[in-house]
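Printed here is data.cif (mmCIF, C-alpha atoms and all ligand atoms):
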data_final
loop_
_atom_site.group_PDB
_atom_site.id
_atom_site.type_symbol
_atom_site.label_atom_id
_atom_site.label_comp_id
_atom_site.auth_asym_id
_atom_site.auth_seq_id
_atom_site.Cartn_x
_atom_site.Cartn_y
_atom_site.Cartn_z
ATOM 1 C CA MET A 1 106.383 84.297 251.934
ATOM 2 C CA ILE A 2 107.780 80.937 250.762
ATOM 3 C CA ALA A 3 106.582 78.218 253.173
ATOM 4 C CA SER A 4 109.598 76.053 253.950
ATOM 5 C CA PHE A 5 112.218 77.226 251.493
ATOM 6 C CA ASN A 6 115.480 78.482 252.906
ATOM 7 C CA LEU A 7 118.199 79.419 250.415
ATOM 8 C CA THR A 8 120.939 78.305 252.780
ATOM 9 C CA HIS A 9 119.465 74.772 253.098
ATOM 10 C CA PHE A 10 120.197 73.519 249.569
ATOM 11 C CA ASP A 11 122.548 70.976 251.154
ATOM 12 C CA GLN A 12 119.554 69.269 252.808
ATOM 13 C CA VAL A 13 116.696 69.449 250.315
ATOM 14 C CA ASP A 14 115.242 66.029 251.205
ATOM 15 C CA GLU A 15 115.240 66.838 254.936
ATOM 16 C CA SER A 16 113.228 70.027 254.468
ATOM 17 C CA PRO A 17 109.464 69.999 255.251
ATOM 18 C CA ASP A 18 108.668 70.431 251.554
ATOM 19 C CA ALA A 19 111.367 69.631 248.974
ATOM 20 C CA ARG A 20 109.026 70.934 246.285
ATOM 21 C CA THR A 21 109.741 74.534 247.401
ATOM 22 C CA PHE A 22 113.389 74.090 246.336
ATOM 23 C CA ILE A 23 112.285 72.922 242.877
ATOM 24 C CA GLU A 24 109.902 75.884 242.644
ATOM 25 C CA PHE A 25 112.735 78.237 243.590
ATOM 26 C CA LEU A 26 114.972 76.911 240.799
ATOM 27 C CA ASP A 27 112.134 77.267 238.283
ATOM 28 C CA ALA A 28 111.396 80.830 239.429
ATOM 29 C CA ARG A 29 115.110 81.753 239.335
ATOM 30 C CA SER A 30 115.388 80.663 235.718
ATOM 31 C CA GLY A 31 112.918 83.405 234.736
ATOM 32 C CA PHE A 32 114.929 86.267 236.189
ATOM 33 C CA ALA A 33 116.858 88.878 234.222
ATOM 34 C CA GLY A 34 120.444 87.870 233.556
ATOM 35 C CA GLU A 35 120.024 84.247 234.583
ATOM 36 C CA ARG A 36 119.846 82.996 230.999
ATOM 37 C CA GLY A 37 123.027 84.947 230.181
ATOM 38 C CA VAL A 38 124.915 83.175 232.987
ATOM 39 C CA LYS A 39 123.745 79.764 231.737
ATOM 40 C CA GLU A 40 124.837 80.604 228.178
ATOM 41 C CA LEU A 41 128.210 81.828 229.449
ATOM 42 C CA GLU A 42 128.750 78.602 231.413
ATOM 43 C CA ILE A 43 127.850 76.417 228.459
ATOM 44 C CA SER A 44 130.074 78.379 226.077
ATOM 45 C CA MET A 45 133.012 78.143 228.531
ATOM 46 C CA LEU A 46 132.455 74.379 228.786
ATOM 47 C CA ALA A 47 133.004 74.148 225.001
ATOM 48 C CA VAL A 48 131.168 70.864 224.625
ATOM 49 C CA ALA A 49 131.835 68.881 221.427
ATOM 50 C CA PRO A 50 129.692 66.175 219.837
ATOM 51 C CA GLY A 51 130.447 62.793 221.407
ATOM 52 C CA ASN A 52 131.569 64.273 224.752
ATOM 53 C CA VAL A 53 130.685 62.578 228.017
ATOM 54 C CA VAL A 54 129.735 65.332 230.485
ATOM 55 C CA LEU A 55 129.108 65.344 234.236
ATOM 56 C CA ASP A 56 126.823 67.910 235.926
ATOM 57 C CA VAL A 57 127.388 67.828 239.691
ATOM 58 C CA GLY A 58 124.486 69.154 241.783
ATOM 59 C CA CYS A 59 122.260 69.061 238.698
ATOM 60 C CA GLY A 60 119.051 70.111 240.489
ATOM 61 C CA THR A 61 116.046 69.623 238.203
ATOM 62 C CA GLY A 62 118.290 68.554 235.304
ATOM 63 C CA ASP A 63 117.321 71.419 232.975
ATOM 64 C CA ASP A 64 121.002 72.128 232.171
ATOM 65 C CA VAL A 65 121.685 68.412 231.683
ATOM 66 C CA ARG A 66 119.017 68.281 228.983
ATOM 67 C CA GLU A 67 120.332 71.445 227.343
ATOM 68 C CA VAL A 68 123.936 70.161 227.235
ATOM 69 C CA ALA A 69 122.677 66.760 226.002
ATOM 70 C CA GLY A 70 121.412 68.539 222.907
ATOM 71 C CA LEU A 71 125.039 69.554 222.195
ATOM 72 C CA VAL A 72 126.788 66.195 222.711
ATOM 73 C CA GLY A 73 124.600 64.427 220.166
ATOM 74 C CA PRO A 74 123.658 60.758 220.067
ATOM 75 C CA ASP A 75 127.279 59.588 220.488
ATOM 76 C CA GLY A 76 127.749 61.566 223.685
ATOM 77 C CA LYS A 77 126.134 61.431 227.096
ATOM 78 C CA VAL A 78 125.381 63.780 230.000
ATOM 79 C CA VAL A 79 125.215 62.459 233.554
ATOM 80 C CA GLY A 80 123.420 64.563 236.159
ATOM 81 C CA LEU A 81 124.312 63.862 239.777
ATOM 82 C CA ASP A 82 122.540 65.229 242.821
ATOM 83 C CA ALA A 83 122.419 64.406 246.535
ATOM 84 C CA SER A 84 118.642 64.907 246.683
ATOM 85 C CA CYS A 85 116.175 62.129 245.758
ATOM 86 C CA ALA A 86 113.534 64.802 245.082
ATOM 87 C CA MET A 87 115.829 66.508 242.545
ATOM 88 C CA ILE A 88 116.794 63.240 240.843
ATOM 89 C CA ASP A 89 113.122 62.165 240.617
ATOM 90 C CA GLU A 90 112.213 65.545 239.122
ATOM 91 C CA SER A 91 115.156 65.367 236.661
ATOM 92 C CA ARG A 92 114.100 61.924 235.476
ATOM 93 C CA LYS A 93 110.488 63.041 235.108
ATOM 94 C CA ARG A 94 111.452 66.101 233.041
ATOM 95 C CA ALA A 95 113.764 64.082 230.758
ATOM 96 C CA SER A 96 111.351 61.204 230.334
ATOM 97 C CA GLY A 97 110.430 60.598 226.697
ATOM 98 C CA SER A 98 112.913 63.228 225.445
ATOM 99 C CA GLY A 99 115.155 60.632 223.815
ATOM 100 C CA LEU A 100 118.153 62.655 224.969
ATOM 101 C CA PRO A 101 121.358 60.826 225.998
ATOM 102 C CA VAL A 102 121.005 61.588 229.728
ATOM 103 C CA GLU A 103 121.327 59.671 232.950
ATOM 104 C CA PHE A 104 120.551 60.858 236.487
ATOM 105 C CA VAL A 105 122.256 59.415 239.529
ATOM 106 C CA LEU A 106 121.882 60.002 243.242
ATOM 107 C CA GLY A 107 125.288 60.763 244.710
ATOM 108 C CA ASP A 108 127.536 62.972 246.767
ATOM 109 C CA ALA A 109 129.837 65.588 245.228
ATOM 110 C CA TYR A 110 132.450 64.687 247.856
ATOM 111 C CA ALA A 111 132.663 61.027 246.751
ATOM 112 C CA LEU A 112 131.819 60.590 243.073
ATOM 113 C CA LYS A 113 131.153 56.963 242.244
ATOM 114 C CA PHE A 114 132.820 57.142 238.827
ATOM 115 C CA PRO A 115 136.209 55.786 237.713
ATOM 116 C CA ASP A 116 139.162 58.135 237.246
ATOM 117 C CA GLN A 117 139.269 59.959 233.890
ATOM 118 C CA SER A 118 135.774 58.958 232.783
ATOM 119 C CA PHE A 119 134.424 62.374 231.633
ATOM 120 C CA ASP A 120 135.422 64.906 228.940
ATOM 121 C CA ARG A 121 133.724 67.794 230.718
ATOM 122 C CA ALA A 122 132.490 68.454 234.256
ATOM 123 C CA ARG A 123 130.412 71.322 235.547
ATOM 124 C CA ALA A 124 128.747 72.510 238.744
ATOM 125 C CA ASP A 125 126.368 75.453 238.863
ATOM 126 C CA ARG A 126 125.419 77.058 242.182
ATOM 127 C CA LEU A 127 126.591 73.971 244.108
ATOM 128 C CA PHE A 128 129.860 74.984 245.786
ATOM 129 C CA ILE A 129 128.176 77.798 247.715
ATOM 130 C CA HIS A 130 126.227 75.109 249.593
ATOM 131 C CA LEU A 131 129.281 72.988 250.436
ATOM 132 C CA GLN A 132 131.448 73.342 253.554
ATOM 133 C CA ALA A 133 134.470 71.951 251.660
ATOM 134 C CA PRO A 134 134.150 72.921 247.968
ATOM 135 C CA GLU A 135 137.819 72.055 247.369
ATOM 136 C CA LYS A 136 136.996 68.383 248.056
ATOM 137 C CA ALA A 137 134.202 68.390 245.466
ATOM 138 C CA LEU A 138 136.532 70.085 242.968
ATOM 139 C CA ALA A 139 139.229 67.449 243.592
ATOM 140 C CA GLU A 140 136.654 64.763 242.803
ATOM 141 C CA MET A 141 135.647 66.528 239.580
ATOM 142 C CA VAL A 142 139.330 66.746 238.572
ATOM 143 C CA ARG A 143 139.818 63.054 239.368
ATOM 144 C CA VAL A 144 136.992 61.888 237.080
ATOM 145 C CA LEU A 145 138.042 64.242 234.252
ATOM 146 C CA ARG A 146 140.179 63.022 231.349
ATOM 147 C CA PRO A 147 143.425 64.881 230.571
ATOM 148 C CA GLY A 148 142.547 67.695 228.160
ATOM 149 C CA GLY A 149 139.089 67.956 229.709
ATOM 150 C CA ARG A 150 137.442 71.117 231.042
ATOM 151 C CA ILE A 151 135.720 72.024 234.294
ATOM 152 C CA VAL A 152 133.318 74.952 234.648
ATOM 153 C CA VAL A 153 132.029 76.034 238.065
ATOM 154 C CA SER A 154 129.678 78.944 238.596
ATOM 155 C CA ASP A 155 128.756 80.417 241.963
ATOM 156 C CA PRO A 156 127.603 83.687 243.460
ATOM 157 C CA ASP A 157 129.587 85.408 246.167
ATOM 158 C CA CYS A 158 127.068 86.322 248.858
ATOM 159 C CA ASP A 159 129.267 89.094 250.223
ATOM 160 C CA THR A 160 128.767 90.867 246.887
ATOM 161 C CA ILE A 161 124.995 91.046 247.325
ATOM 162 C CA PHE A 162 123.934 94.696 247.115
ATOM 163 C CA VAL A 163 120.664 96.407 247.849
ATOM 164 C CA ASP A 164 120.404 100.181 247.410
ATOM 165 C CA SER A 165 118.575 100.929 250.635
ATOM 166 C CA PRO A 166 119.001 103.872 253.030
ATOM 167 C CA LYS A 167 118.874 101.296 255.825
ATOM 168 C CA TYR A 168 122.585 100.523 255.541
ATOM 169 C CA GLU A 169 123.020 98.632 258.802
ATOM 170 C CA THR A 170 120.024 96.340 258.229
ATOM 171 C CA THR A 171 121.164 95.720 254.662
ATOM 172 C CA ARG A 172 124.640 94.753 255.872
ATOM 173 C CA LYS A 173 123.194 92.414 258.492
ATOM 174 C CA VAL A 174 120.905 90.716 255.951
ATOM 175 C CA ILE A 175 123.785 90.223 253.496
ATOM 176 C CA HIS A 176 126.300 89.031 256.095
ATOM 177 C CA SER A 177 123.841 86.618 257.703
ATOM 178 C CA VAL A 178 122.997 85.024 254.316
ATOM 179 C CA CYS A 179 126.708 84.796 253.548
ATOM 180 C CA ASP A 180 127.656 83.348 256.930
ATOM 181 C CA GLN A 181 124.823 80.773 256.942
ATOM 182 C CA SER A 182 125.779 79.449 253.488
ATOM 183 C CA GLY A 183 128.202 76.518 253.303
ATOM 184 C CA SER A 184 130.810 78.676 251.518
ATOM 185 C CA GLY A 185 129.216 82.094 251.098
ATOM 186 C CA MET A 186 132.267 83.744 249.507
ATOM 187 C CA VAL A 187 133.266 80.866 247.237
ATOM 188 C CA GLY A 188 132.592 82.891 244.074
ATOM 189 C CA ARG A 189 135.739 85.023 244.458
ATOM 190 C CA GLU A 190 137.697 81.977 245.623
ATOM 191 C CA LEU A 191 137.096 79.854 242.514
ATOM 192 C CA PRO A 192 140.228 80.892 240.537
ATOM 193 C CA ARG A 193 142.398 80.083 243.588
ATOM 194 C CA LEU A 194 140.628 76.749 244.168
ATOM 195 C CA PHE A 195 141.147 75.882 240.492
ATOM 196 C CA ARG A 196 144.880 76.701 240.758
ATOM 197 C CA HIS A 197 145.245 74.604 243.920
ATOM 198 C CA ALA A 198 143.448 71.728 242.157
ATOM 199 C CA GLY A 199 146.201 71.752 239.499
ATOM 200 C CA LEU A 200 144.017 73.072 236.668
ATOM 201 C CA SER A 201 145.512 75.160 233.842
ATOM 202 C CA ASN A 202 144.270 77.870 231.462
ATOM 203 C CA ILE A 203 142.020 79.251 234.192
ATOM 204 C CA ALA A 204 139.656 82.100 233.332
ATOM 205 C CA CYS A 205 136.952 83.694 235.441
ATOM 206 C CA ALA A 206 134.032 85.787 234.183
ATOM 207 C CA PRO A 207 132.171 87.690 236.932
ATOM 208 C CA ARG A 208 128.652 88.805 235.997
ATOM 209 C CA VAL A 209 126.231 90.924 238.022
ATOM 210 C CA LEU A 210 122.713 89.513 238.262
ATOM 211 C CA THR A 211 120.097 92.021 239.326
ATOM 212 C CA MET A 212 117.022 91.063 241.326
ATOM 213 C CA ASP A 213 113.584 92.533 241.786
ATOM 214 C CA LEU A 214 111.477 92.516 244.943
ATOM 215 C CA THR A 215 109.923 89.119 244.127
ATOM 216 C CA LEU A 216 113.322 87.459 243.797
ATOM 217 C CA MET A 217 114.577 89.213 246.938
ATOM 218 C CA HIS A 218 111.642 87.749 248.871
ATOM 219 C CA ARG A 219 112.290 84.300 247.409
ATOM 220 C CA LEU A 220 115.952 84.547 248.359
ATOM 221 C CA PHE A 221 115.697 86.032 251.832
ATOM 222 C CA ASP A 222 112.286 85.281 253.417
ATOM 223 C CA GLY A 223 112.954 81.713 254.571
ATOM 224 C CA HIS A 224 116.402 82.620 255.867
ATOM 225 C CA LEU A 225 115.214 85.727 257.744
ATOM 226 C CA ALA A 226 112.368 83.728 259.334
ATOM 227 C CA GLU A 227 114.850 81.344 261.003
ATOM 228 C CA PRO A 228 114.675 81.573 264.834
ATOM 229 C CA ALA A 229 118.428 82.312 264.965
ATOM 230 C CA MET A 230 117.834 85.581 263.086
ATOM 231 C CA ALA A 231 115.665 86.993 265.885
ATOM 232 C CA ALA A 232 118.776 87.774 267.921
ATOM 233 C CA MET A 233 120.350 89.741 265.069
ATOM 234 C CA PHE A 234 117.554 92.177 264.321
ATOM 235 C CA ALA A 235 115.509 94.533 266.496
ATOM 236 C CA ALA A 236 111.730 94.022 266.631
ATOM 237 C CA GLY A 237 110.206 95.324 263.399
ATOM 238 C CA GLU A 238 113.608 96.043 261.803
ATOM 239 C CA ILE A 239 113.159 93.503 259.000
ATOM 240 C CA ASP A 240 109.589 94.668 258.305
ATOM 241 C CA CYS A 241 110.831 98.282 257.952
ATOM 242 C CA TRP A 242 113.572 97.102 255.597
ATOM 243 C CA TRP A 243 111.059 95.280 253.414
ATOM 244 C CA GLN A 244 108.696 98.269 253.441
ATOM 245 C CA GLU A 245 111.504 100.495 252.176
ATOM 246 C CA ALA A 246 112.355 97.951 249.460
ATOM 247 C CA ALA A 247 108.696 97.779 248.435
ATOM 248 C CA ARG A 248 108.552 101.608 248.205
ATOM 249 C CA ALA A 249 111.710 101.586 246.084
ATOM 250 C CA GLU A 250 110.212 98.948 243.782
ATOM 251 C CA ALA A 251 106.931 100.886 243.469
ATOM 252 C CA GLU A 252 108.864 104.048 242.572
ATOM 253 C CA GLY A 253 111.035 102.198 240.054
ATOM 254 C CA ARG A 254 114.276 102.818 241.965
ATOM 255 C CA LEU A 255 114.979 99.409 243.520
ATOM 256 C CA TYR A 256 118.501 98.324 242.589
ATOM 257 C CA ALA A 257 119.735 95.049 243.998
ATOM 258 C CA GLY A 258 121.841 92.147 242.796
ATOM 259 C CA VAL A 259 124.779 89.837 243.286
ATOM 260 C CA THR A 260 127.952 88.919 241.397
ATOM 261 C CA VAL A 261 128.171 85.401 239.993
ATOM 262 C CA PHE A 262 131.661 84.097 239.167
ATOM 263 C CA THR A 263 131.872 81.556 236.325
ATOM 264 C CA THR A 264 135.280 79.881 236.195
ATOM 265 C CA VAL A 265 136.828 77.484 233.704
ATOM 266 C CA GLY A 266 139.999 75.393 233.894
ATOM 267 C CA GLU A 267 141.642 72.552 231.980
ATOM 268 C CA LYS A 268 143.231 69.357 233.197
ATOM 269 C CA MET A 269 146.614 68.854 231.528
HETATM 270 C C1 LIG B 1 121.105 75.705 244.020
HETATM 271 S S1 LIG B 1 120.860 74.069 243.424
HETATM 272 C C2 LIG B 1 121.552 74.218 241.775
HETATM 273 C C3 LIG B 1 120.949 73.243 240.798
HETATM 274 C C4 LIG B 1 121.402 73.396 239.349
HETATM 275 N N1 LIG B 1 122.840 73.192 239.214
HETATM 276 C C5 LIG B 1 120.994 74.731 238.790
HETATM 277 O O1 LIG B 1 121.870 75.580 238.514
HETATM 278 O O2 LIG B 1 119.803 74.977 238.637
HETATM 279 C C6 LIG B 1 122.077 73.101 244.288
HETATM 280 C C7 LIG B 1 121.910 71.607 244.064
HETATM 281 O O3 LIG B 1 123.019 70.926 244.665
HETATM 282 C C8 LIG B 1 122.555 69.753 245.302
HETATM 283 N N2 LIG B 1 123.531 69.376 246.336
HETATM 284 C C9 LIG B 1 123.756 69.962 247.535
HETATM 285 N N3 LIG B 1 124.758 69.338 248.180
HETATM 286 C C10 LIG B 1 125.198 68.338 247.364
HETATM 287 C C11 LIG B 1 126.218 67.352 247.456
HETATM 288 N N4 LIG B 1 127.013 67.241 248.544
HETATM 289 N N5 LIG B 1 126.395 66.502 246.421
HETATM 290 C C12 LIG B 1 125.607 66.591 245.311
HETATM 291 N N6 LIG B 1 124.623 67.500 245.179
HETATM 292 C C13 LIG B 1 124.414 68.371 246.178
HETATM 293 C C14 LIG B 1 121.186 70.138 245.839
HETATM 294 O O4 LIG B 1 120.384 69.013 246.114
HETATM 295 C C15 LIG B 1 120.647 71.011 244.699
HETATM 296 O O5 LIG B 1 119.934 70.281 243.767
#
Kindly return the structure encoded in the file as structure tokens.
Amino acid sequence: MIASFNLTHFDQVDESPDARTFIEFLDARSGFAGERGVKELEISMLAVAPGNVVLDVGCGTGDDVREVAGLVGPDGKVVGLDASCAMIDESRKRASGSGLPVEFVLGDAYALKFPDQSFDRARADRLFIHLQAPEKALAEMVRVLRPGGRIVVSDPDCDTIFVDSPKYETTRKVIHSVCDQSGSGMVGRELPRLFRHAGLSNIACAPRVLTMDLTLMHRLFDGHLAEPAMAAMFAAGEIDCWWQEAARAEAEGRLYAGVTVFTTVGEKM
């Protein structure tokens, strides 16, 4: 059980009892099967060139900022922005002494404090799902992007979470409650439409299925299912039975669970 972490509270990391649990979640997530492939896909779709100035909105611990900084070279720069002081502190700590051309700023995706057309590339990974109005954040990313620049946004669609469990009804309730409690639980499938509405061109979307094991399922769902509001949705013991079945499936090598992540690219003309 993860003490204070709740997947659906990434919009309020600093208000949580222990912001560290959110950092630990991101570190644990990076070790899971398929995750590296999604990161590589995002970075290839961003098509960063030496000398580019890149913005990473909702940069978390800044690991991607440092990776992209290795591609822009000494004449470029990568700016990581996040609404959480804990994340920005952690990003600065991790980049300290690296000599990479990075900068980390505290800020809000809805109101970027950058001039119009000041970046060659902009990206956001697993941010929009936590926002009530992702279209506003996208409009801000488009505003600060130079003509000819690219935007890449990657998000899961929580309604595509699947768990092969005979307990269909409980599975549906778990998935729908995670989806409904997220800022924009179904934003993954909506990204191409949001990109079109934002006036972007040459839009392409690459859905990828990420599978999860029992450990990742617990990390994802425990905090959320422990919320008092969930008590009304599930019968006494229902969640425990669901977990017991998942544990049996894992022990017998037949657990199959995952989610689709939609990585979308567009260009500003
Ligand atoms: C799930 S994490 C993803 C972090 C990183 N992009 C990654 O892929 O590892 C979401 C991040 O978005 C940040 N965030 C949430 N709401 C935000 C907002 N309105 N403006 C900027 N950052 C925000 C959170 O603090 C958190 O660091």
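Nearest to Arg143 in chain A of all the residues A:Ile203, A:Val105, A:Leu26, A:Met269 is A:Met269, counting only C-alpha atoms.
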Long-range neighbours of Ala95 in chain A as a PyMOL selection string, 10 Å cut-off, all atoms listed in the file, 3 positions minimum in chain:
chain A and resi 61-63+65-66+90-92+98-104
How close does chain A get to ligand LIG 1 (chain B)? List, as JSON lines, each residue of chain A within 7 Å, its nearest atom pair and the distance in Å to one decimal, counting all atoms listed in the file.
{"residue": "A:Phe10", "atom": "CA", "partner": "B:LIG1", "partner_atom": "C14", "distance": 5.1}
{"residue": "A:Asp11", "atom": "CA", "partner": "B:LIG1", "partner_atom": "C9", "distance": 3.9}
{"residue": "A:Gln12", "atom": "CA", "partner": "B:LIG1", "partner_atom": "O4", "distance": 6.8}
{"residue": "A:Val13", "atom": "CA", "partner": "B:LIG1", "partner_atom": "O4", "distance": 5.6}
{"residue": "A:Leu26", "atom": "CA", "partner": "B:LIG1", "partner_atom": "O2", "distance": 5.6}
{"residue": "A:Val57", "atom": "CA", "partner": "B:LIG1", "partner_atom": "C12", "distance": 6.0}
{"residue": "A:Gly58", "atom": "CA", "partner": "B:LIG1", "partner_atom": "O3", "distance": 3.7}
{"residue": "A:Cys59", "atom": "CA", "partner": "B:LIG1", "partner_atom": "N1", "distance": 4.2}
{"residue": "A:Gly60", "atom": "CA", "partner": "B:LIG1", "partner_atom": "O5", "distance": 3.4}
{"residue": "A:Thr61", "atom": "CA", "partner": "B:LIG1", "partner_atom": "O2", "distance": 6.6}
{"residue": "A:Leu81", "atom": "CA", "partner": "B:LIG1", "partner_atom": "C12", "distance": 6.3}
{"residue": "A:Asp82", "atom": "CA", "partner": "B:LIG1", "partner_atom": "N6", "distance": 3.9}
{"residue": "A:Ala83", "atom": "CA", "partner": "B:LIG1", "partner_atom": "N6", "distance": 4.0}
{"residue": "A:Ser84", "atom": "CA", "partner": "B:LIG1", "partner_atom": "O4", "distance": 4.5}
{"residue": "A:Met87", "atom": "CA", "partner": "B:LIG1", "partner_atom": "O5", "distance": 5.7}
{"residue": "A:Gly107", "atom": "CA", "partner": "B:LIG1", "partner_atom": "C12", "distance": 5.9}
{"residue": "A:Asp108", "atom": "CA", "partner": "B:LIG1", "partner_atom": "N5", "distance": 3.7}
{"residue": "A:Ala109", "atom": "CA", "partner": "B:LIG1", "partner_atom": "N5", "distance": 3.8}
{"residue": "A:Tyr110", "atom": "CA", "partner": "B:LIG1", "partner_atom": "N4", "distance": 6.0}
{"residue": "A:Ala124", "atom": "CA", "partner": "B:LIG1", "partner_atom": "N1", "distance": 6.0}
{"residue": "A:Asp125", "atom": "CA", "partner": "B:LIG1", "partner_atom": "N1", "distance": 4.2}
{"residue": "A:Arg126", "atom": "CA", "partner": "B:LIG1", "partner_atom": "C2", "distance": 4.8}
{"residue": "A:Leu127", "atom": "CA", "partner": "B:LIG1", "partner_atom": "C6", "distance": 4.6}
{"residue": "A:His130", "atom": "CA", "partner": "B:LIG1", "partner_atom": "C9", "distance": 6.1}
{"residue": "A:Leu131", "atom": "CA", "partner": "B:LIG1", "partner_atom": "N3", "distance": 6.2}
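Comparing A:Glu252, A:Glu190, A:Asp64, A:Asp159 by their smallest distance to Lys173 in chain A, the closest is A:Asp159 (using all atoms listed in the file).
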Using the chain letters and residue numbers of this document, give as a PyMOL selection string the residues selected by the PyMOL selection byres (((chain A and resi 181) around 12) and not hetatm).
chain A and resi 6-11+129-132+158-159+173-180+182-186+221+224-225+227+229-230
